[in-house]
Amino acid sequence: MENLQKPQIICHTEKSLNYTINDVKWIPSSAKFVSIGGNPNGTGVIEVYSLGSDGIEKVSDFSKKDHFKCGTFEASSLNNRHLATGDYTGRMQVWDLEDTLLPIYKGTKHTNAINCIDGVAGTSIGCGAPEIVTGSKDGAVMVWDVRQKDEPVAKFLPADSTTARDCWSVAFGNSYNSEERIVVAGYDNGDIKMYDLKTMKVRWSKCVKNGVVSLQFDRKDIPMNKLVATTLESKIYLYDLRTQHPKKGFAQLIERAHASTVWQAKHLPQNREIFMTTGGAGTLCLWKYNYPEKRVDKDGDGIPIGVIGELLLIQNSTLSSQPITSFDWCRDKIGLSVCSAFDQTLRVLITTKLNLY
């Protein structure tokens, strides 16, 4: 009976496709989502699907000559809902899904594949300009503003291009007014670097020893609160970002899960203390973070130091025999989500009882 009182992760409907799916994203304020990937011959595919009475129905699609790796709607307004993508040749492009003949914006400054992309301030007001950040195999992290043609507005490049590490994950955060904004980047050697876009300096860095596959702040448009990083070797790192100690940095918590690479961590849009992680064995884990009684304490010298809470596993589920490599919550319907795996299948999921947490 206790199990039935917990949230259940239910596979509502699924659809098998004939190409590799690298990313899935809900189109904001709609019952549609996009599947982003590529064919075996190297061409890129983006398909728009709708959730209808007969399950998953294809609405439209388009192909381009280069394989797509990642995408985001986060830097676009609800009026436009433009999709920003990164591909294997290092191009960042922004597409109008109603007219896909040519991209409405293109950035070509990366010299290798774009592994990850994130956007900010597309729908929020008073939180600065809409921007896109990309991380690439060439080791560079670039921030783009679609109002400025061709050139990124900020670049964080490796000191030596010959020993550059792959950037595997990027995320925006701390964008609570028109001046403050932070980008975090995770690299294949386990480095996590926090770049302050206001001062254009590295604010904090940490090496977690395993490649950082996914990064996400619990919210982008508030003073930074929590950061979740997932890595190879089945590790989840959670940092409390409210208090930075001059020597010890941020308070952290380490959790093991999935017994394989933890591919994604995605916070629930309706509740920032709940997030889902996806694993390399086709598993999903739903977590809830519980704050400690007091989040700040004093060390021996009287300097404020953060206190970490605890992470509670609410539910887990096995959906596939292959790694679940992308996952996205629907902002408009609590508990509705879409994911894709290396078995080339799209799955629409329903997670119940999340409103009780």
# chains A, B, ... in the order shown; residues from 1 in each chain; ligands from 1

$ residues_around --residues "Glu14 (chain A)" --least-positions-apart "3" --cutoff "7 Å" --atoms "only C-alpha atoms" --output "ChimeraX atom specification"
/A:345-348

$ residues_around --residues "region 102-114 of chain A" --least-positions-apart "3" --cutoff "9 Å" --atoms "only C-alpha atoms" --output "PyMOL selection string"
chain A and resi 68-70+82+84-96+99+117+134-142+144+146-147+149-152+167-168

$ write_last_selection --atoms "C-alpha atoms" --output "mmCIF file, in the first residue's frame"
data_model
loop_
_atom_site.group_PDB
_atom_site.id
_atom_site.type_symbol
_atom_site.label_atom_id
_atom_site.label_comp_id
_atom_site.auth_asym_id
_atom_site.auth_seq_id
_atom_site.Cartn_x
_atom_site.Cartn_y
_atom_site.Cartn_z
ATOM 1 C CA PHE A 68 21.693 17.795 -34.726
ATOM 2 C CA LYS A 69 23.006 17.213 -31.194
ATOM 3 C CA CYS A 70 20.955 19.418 -28.841
ATOM 4 C CA HIS A 82 11.994 29.542 -31.847
ATOM 5 C CA ALA A 84 17.941 26.957 -30.959
ATOM 6 C CA THR A 85 20.045 23.939 -31.984
ATOM 7 C CA GLY A 86 23.672 22.823 -31.940
ATOM 8 C CA ASP A 87 25.047 20.385 -34.520
ATOM 9 C CA TYR A 88 28.056 18.159 -35.098
ATOM 10 C CA THR A 89 29.878 20.723 -37.247
ATOM 11 C CA GLY A 90 29.824 23.353 -34.465
ATOM 12 C CA ARG A 91 26.999 25.535 -35.793
ATOM 13 C CA MET A 92 24.466 27.109 -33.457
ATOM 14 C CA GLN A 93 21.255 27.858 -35.369
ATOM 15 C CA VAL A 94 17.852 29.266 -34.407
ATOM 16 C CA TRP A 95 14.833 27.936 -36.293
ATOM 17 C CA ASP A 96 11.283 29.143 -36.814
ATOM 18 C CA ASP A 99 9.395 28.172 -41.811
ATOM 19 C CA ILE A 117 23.016 24.151 -25.259
ATOM 20 C CA THR A 134 26.763 26.509 -26.123
ATOM 21 C CA GLY A 135 29.516 24.109 -25.037
ATOM 22 C CA SER A 136 31.625 22.306 -27.595
ATOM 23 C CA LYS A 137 34.095 19.505 -28.168
ATOM 24 C CA ASP A 138 36.653 22.251 -28.920
ATOM 25 C CA GLY A 139 36.576 23.140 -25.184
ATOM 26 C CA ALA A 140 34.964 26.559 -25.727
ATOM 27 C CA VAL A 141 31.863 27.919 -23.993
ATOM 28 C CA MET A 142 30.136 30.697 -25.945
ATOM 29 C CA TRP A 144 25.055 34.234 -27.908
ATOM 30 C CA VAL A 146 20.397 36.652 -31.354
ATOM 31 C CA ARG A 147 20.314 40.457 -31.749
ATOM 32 C CA LYS A 149 24.927 38.768 -35.679
ATOM 33 C CA ASP A 150 27.711 36.191 -36.117
ATOM 34 C CA GLU A 151 29.745 37.018 -32.980
ATOM 35 C CA PRO A 152 29.140 35.601 -29.481
ATOM 36 C CA CYS A 167 32.636 20.634 -22.700
ATOM 37 C CA TRP A 168 29.770 18.189 -22.079
#

$ residues_around --residues "region 309-326 of chain A" --least-positions-apart "3" --cutoff "6 Å" --atoms "only C-alpha atoms" --output "PyMOL selection string"
chain A and resi 23+263+278-292+339-343

$ write_last_selection --atoms "N, CA and C atoms" --output "tab-separated table (two decimals), in the first residue's frame"
chain	number	residue	atom	x	y	z
A	23	ASP	N	17.97	14.56	-28.49
A	23	ASP	CA	17.34	15.48	-27.54
A	23	ASP	C	15.84	15.54	-27.80
A	263	TRP	N	22.65	10.31	-17.00
A	263	TRP	CA	22.66	11.12	-18.23
A	263	TRP	C	22.04	12.50	-18.05
A	278	THR	N	18.05	10.40	-15.13
A	278	THR	CA	17.92	9.28	-16.07
A	278	THR	C	19.26	8.56	-16.15
A	279	GLY	N	19.20	7.25	-16.30
A	279	GLY	CA	20.41	6.45	-16.21
A	279	GLY	C	20.75	5.66	-17.45
A	280	GLY	N	21.98	5.15	-17.46
A	280	GLY	CA	22.50	4.41	-18.60
A	280	GLY	C	21.96	3.01	-18.73
A	281	ALA	N	21.18	2.56	-17.72
A	281	ALA	CA	20.58	1.23	-17.81
A	281	ALA	C	19.08	1.32	-18.11
A	282	GLY	N	18.64	2.50	-18.61
A	282	GLY	CA	17.22	2.68	-18.95
A	282	GLY	C	16.34	2.96	-17.76
A	283	THR	N	16.93	3.49	-16.69
A	283	THR	CA	16.17	3.73	-15.46
A	283	THR	C	15.91	5.22	-15.24
A	284	LEU	N	14.86	5.49	-14.48
A	284	LEU	CA	14.52	6.85	-14.04
A	284	LEU	C	14.47	6.85	-12.51
A	285	CYS	N	15.00	7.91	-11.91
A	285	CYS	CA	14.88	8.08	-10.45
A	285	CYS	C	14.29	9.46	-10.16
A	286	LEU	N	13.30	9.50	-9.29
A	286	LEU	CA	12.67	10.75	-8.89
A	286	LEU	C	13.13	11.09	-7.47
A	287	TRP	N	13.69	12.31	-7.31
A	287	TRP	CA	14.31	12.71	-6.05
A	287	TRP	C	13.61	13.93	-5.46
A	288	LYS	N	13.65	14.02	-4.13
A	288	LYS	CA	13.20	15.24	-3.45
A	288	LYS	C	14.30	15.68	-2.48
A	289	TYR	N	14.61	16.98	-2.54
A	289	TYR	CA	15.62	17.54	-1.63
A	289	TYR	C	14.93	18.13	-0.42
A	290	ASN	N	15.41	17.78	0.75
A	290	ASN	CA	14.89	18.34	2.00
A	290	ASN	C	15.95	19.24	2.62
A	291	TYR	N	15.57	20.49	2.89
A	291	TYR	CA	16.51	21.45	3.47
A	291	TYR	C	16.83	21.10	4.92
A	292	PRO	N	18.03	21.48	5.41
A	292	PRO	CA	18.34	21.31	6.83
A	292	PRO	C	17.58	22.35	7.66
A	339	CYS	N	10.68	11.58	-22.90
A	339	CYS	CA	12.09	11.18	-22.86
A	339	CYS	C	12.42	10.35	-24.10
A	340	SER	N	13.72	10.23	-24.35
A	340	SER	CA	14.17	9.40	-25.47
A	340	SER	C	15.36	8.58	-25.01
A	341	ALA	N	15.56	7.45	-25.67
A	341	ALA	CA	16.66	6.55	-25.31
A	341	ALA	C	17.40	6.12	-26.56
A	342	PHE	N	18.51	5.41	-26.37
A	342	PHE	CA	19.29	4.91	-27.49
A	342	PHE	C	18.59	3.76	-28.23
A	343	ASP	N	17.44	3.32	-27.73
A	343	ASP	CA	16.66	2.33	-28.49
A	343	ASP	C	15.77	3.01	-29.55

$ atom_distance --atom1 "CA of Leu354 (chain A)" --atom2 "CA of Leu227 (chain A)"
20.9 Å

$ select_by_dssp --residues "region 238-348 of chain A" --states "strand (DSSP E or B)" --output "JSON, numbers by chain"
{"A": [238, 239, 240, 241, 242, 243, 244, 245, 249, 250, 251, 252, 253, 254, 255, 256, 262, 263, 264, 265, 266, 267, 268, 271, 272, 273, 274, 275, 276, 277, 278, 279, 283, 284, 285, 286, 287, 288, 289, 290, 296, 297, 298, 304, 305, 306, 310, 311, 312, 313, 314, 315, 316, 317, 318, 324, 325, 326, 327, 328, 329, 336, 337, 338, 339, 340, 341, 345, 346, 347, 348]}

$ write_last_selection --atoms "C-alpha atoms" --output "short mmCIF file (atom, residue, chain, number, x, y, z; two decimals), in the first residue's frame"
data_model
loop_
_atom_site.label_atom_id
_atom_site.label_comp_id
_atom_site.auth_asym_id
_atom_site.auth_seq_id
_atom_site.Cartn_x
_atom_site.Cartn_y
_atom_site.Cartn_z
CA LEU A 238 24.04 18.57 -5.32
CA TYR A 239 25.45 21.96 -4.26
CA ASP A 240 23.77 24.54 -2.02
CA LEU A 241 24.75 27.83 -3.68
CA ARG A 242 23.37 30.32 -1.17
CA THR A 243 26.59 30.48 0.89
CA GLN A 244 30.08 30.38 -0.63
CA HIS A 245 32.88 29.79 1.87
CA GLY A 249 33.34 26.70 -1.48
CA PHE A 250 29.73 25.48 -1.55
CA ALA A 251 28.20 22.81 0.68
CA GLN A 252 27.72 19.59 -1.29
CA LEU A 253 25.96 16.24 -1.19
CA ILE A 254 26.96 13.13 -3.20
CA GLU A 255 24.50 10.36 -4.10
CA ARG A 256 25.00 7.16 -6.10
CA VAL A 262 23.57 9.45 -14.93
CA TRP A 263 22.66 11.12 -18.23
CA GLN A 264 20.24 13.86 -17.19
CA ALA A 265 18.96 15.76 -14.16
CA LYS A 266 15.82 17.85 -14.71
CA HIS A 267 14.01 19.85 -12.03
CA LEU A 268 10.24 19.86 -11.97
CA ASN A 271 8.45 22.46 -7.63
CA ARG A 272 12.16 23.18 -7.53
CA GLU A 273 12.89 20.65 -4.76
CA ILE A 274 11.93 17.68 -6.99
CA PHE A 275 14.03 16.46 -9.90
CA MET A 276 14.30 13.42 -12.17
CA THR A 277 17.54 11.69 -13.14
CA THR A 278 17.92 9.28 -16.07
CA GLY A 279 20.41 6.45 -16.21
CA THR A 283 16.17 3.73 -15.46
CA LEU A 284 14.52 6.85 -14.04
CA CYS A 285 14.88 8.08 -10.45
CA LEU A 286 12.67 10.75 -8.89
CA TRP A 287 14.31 12.71 -6.05
CA LYS A 288 13.20 15.24 -3.45
CA TYR A 289 15.62 17.54 -1.63
CA ASN A 290 14.89 18.34 2.00
CA VAL A 296 24.03 28.66 7.16
CA ASP A 297 26.36 28.04 10.08
CA LYS A 298 29.63 29.60 11.26
CA PRO A 304 29.51 31.72 7.25
CA ILE A 305 29.51 28.20 5.78
CA GLY A 306 26.67 26.40 4.00
CA GLU A 310 19.34 15.41 2.41
CA LEU A 311 18.21 13.78 -0.81
CA LEU A 312 15.28 11.38 -0.71
CA LEU A 313 14.57 8.85 -3.48
CA ILE A 314 10.79 9.01 -4.00
CA GLN A 315 10.42 6.58 -6.89
CA ASN A 316 12.39 4.69 -9.52
CA SER A 317 11.35 2.90 -12.70
CA THR A 318 12.93 0.93 -15.55
CA ILE A 324 17.77 7.32 -21.46
CA THR A 325 19.76 10.24 -22.85
CA SER A 326 17.24 13.08 -22.85
CA PHE A 327 14.28 14.08 -20.72
CA ASP A 328 12.03 17.13 -20.51
CA TRP A 329 9.19 18.11 -18.17
CA LEU A 336 3.80 15.21 -17.85
CA SER A 337 7.18 14.55 -19.48
CA VAL A 338 8.85 13.15 -22.59
CA CYS A 339 12.09 11.18 -22.86
CA SER A 340 14.17 9.40 -25.47
CA ALA A 341 16.66 6.55 -25.31
CA THR A 345 12.04 5.32 -28.98
CA LEU A 346 10.14 8.38 -27.78
CA ARG A 347 8.17 7.89 -24.57
CA VAL A 348 5.59 10.21 -23.03
#

$ residues_around --residues "Lys209 (chain A)" --least-positions-apart "3" --cutoff "9 Å" --atoms "only C-alpha atoms" --output "ChimeraX atom specification"
/A:189-191,212,231

$ closest_residue --among "A:Arg295, A:Gly55, A:Cys207, A:Ser175" --to "Arg219 (chain A)" --atoms "only C-alpha atoms"
A:Ser175
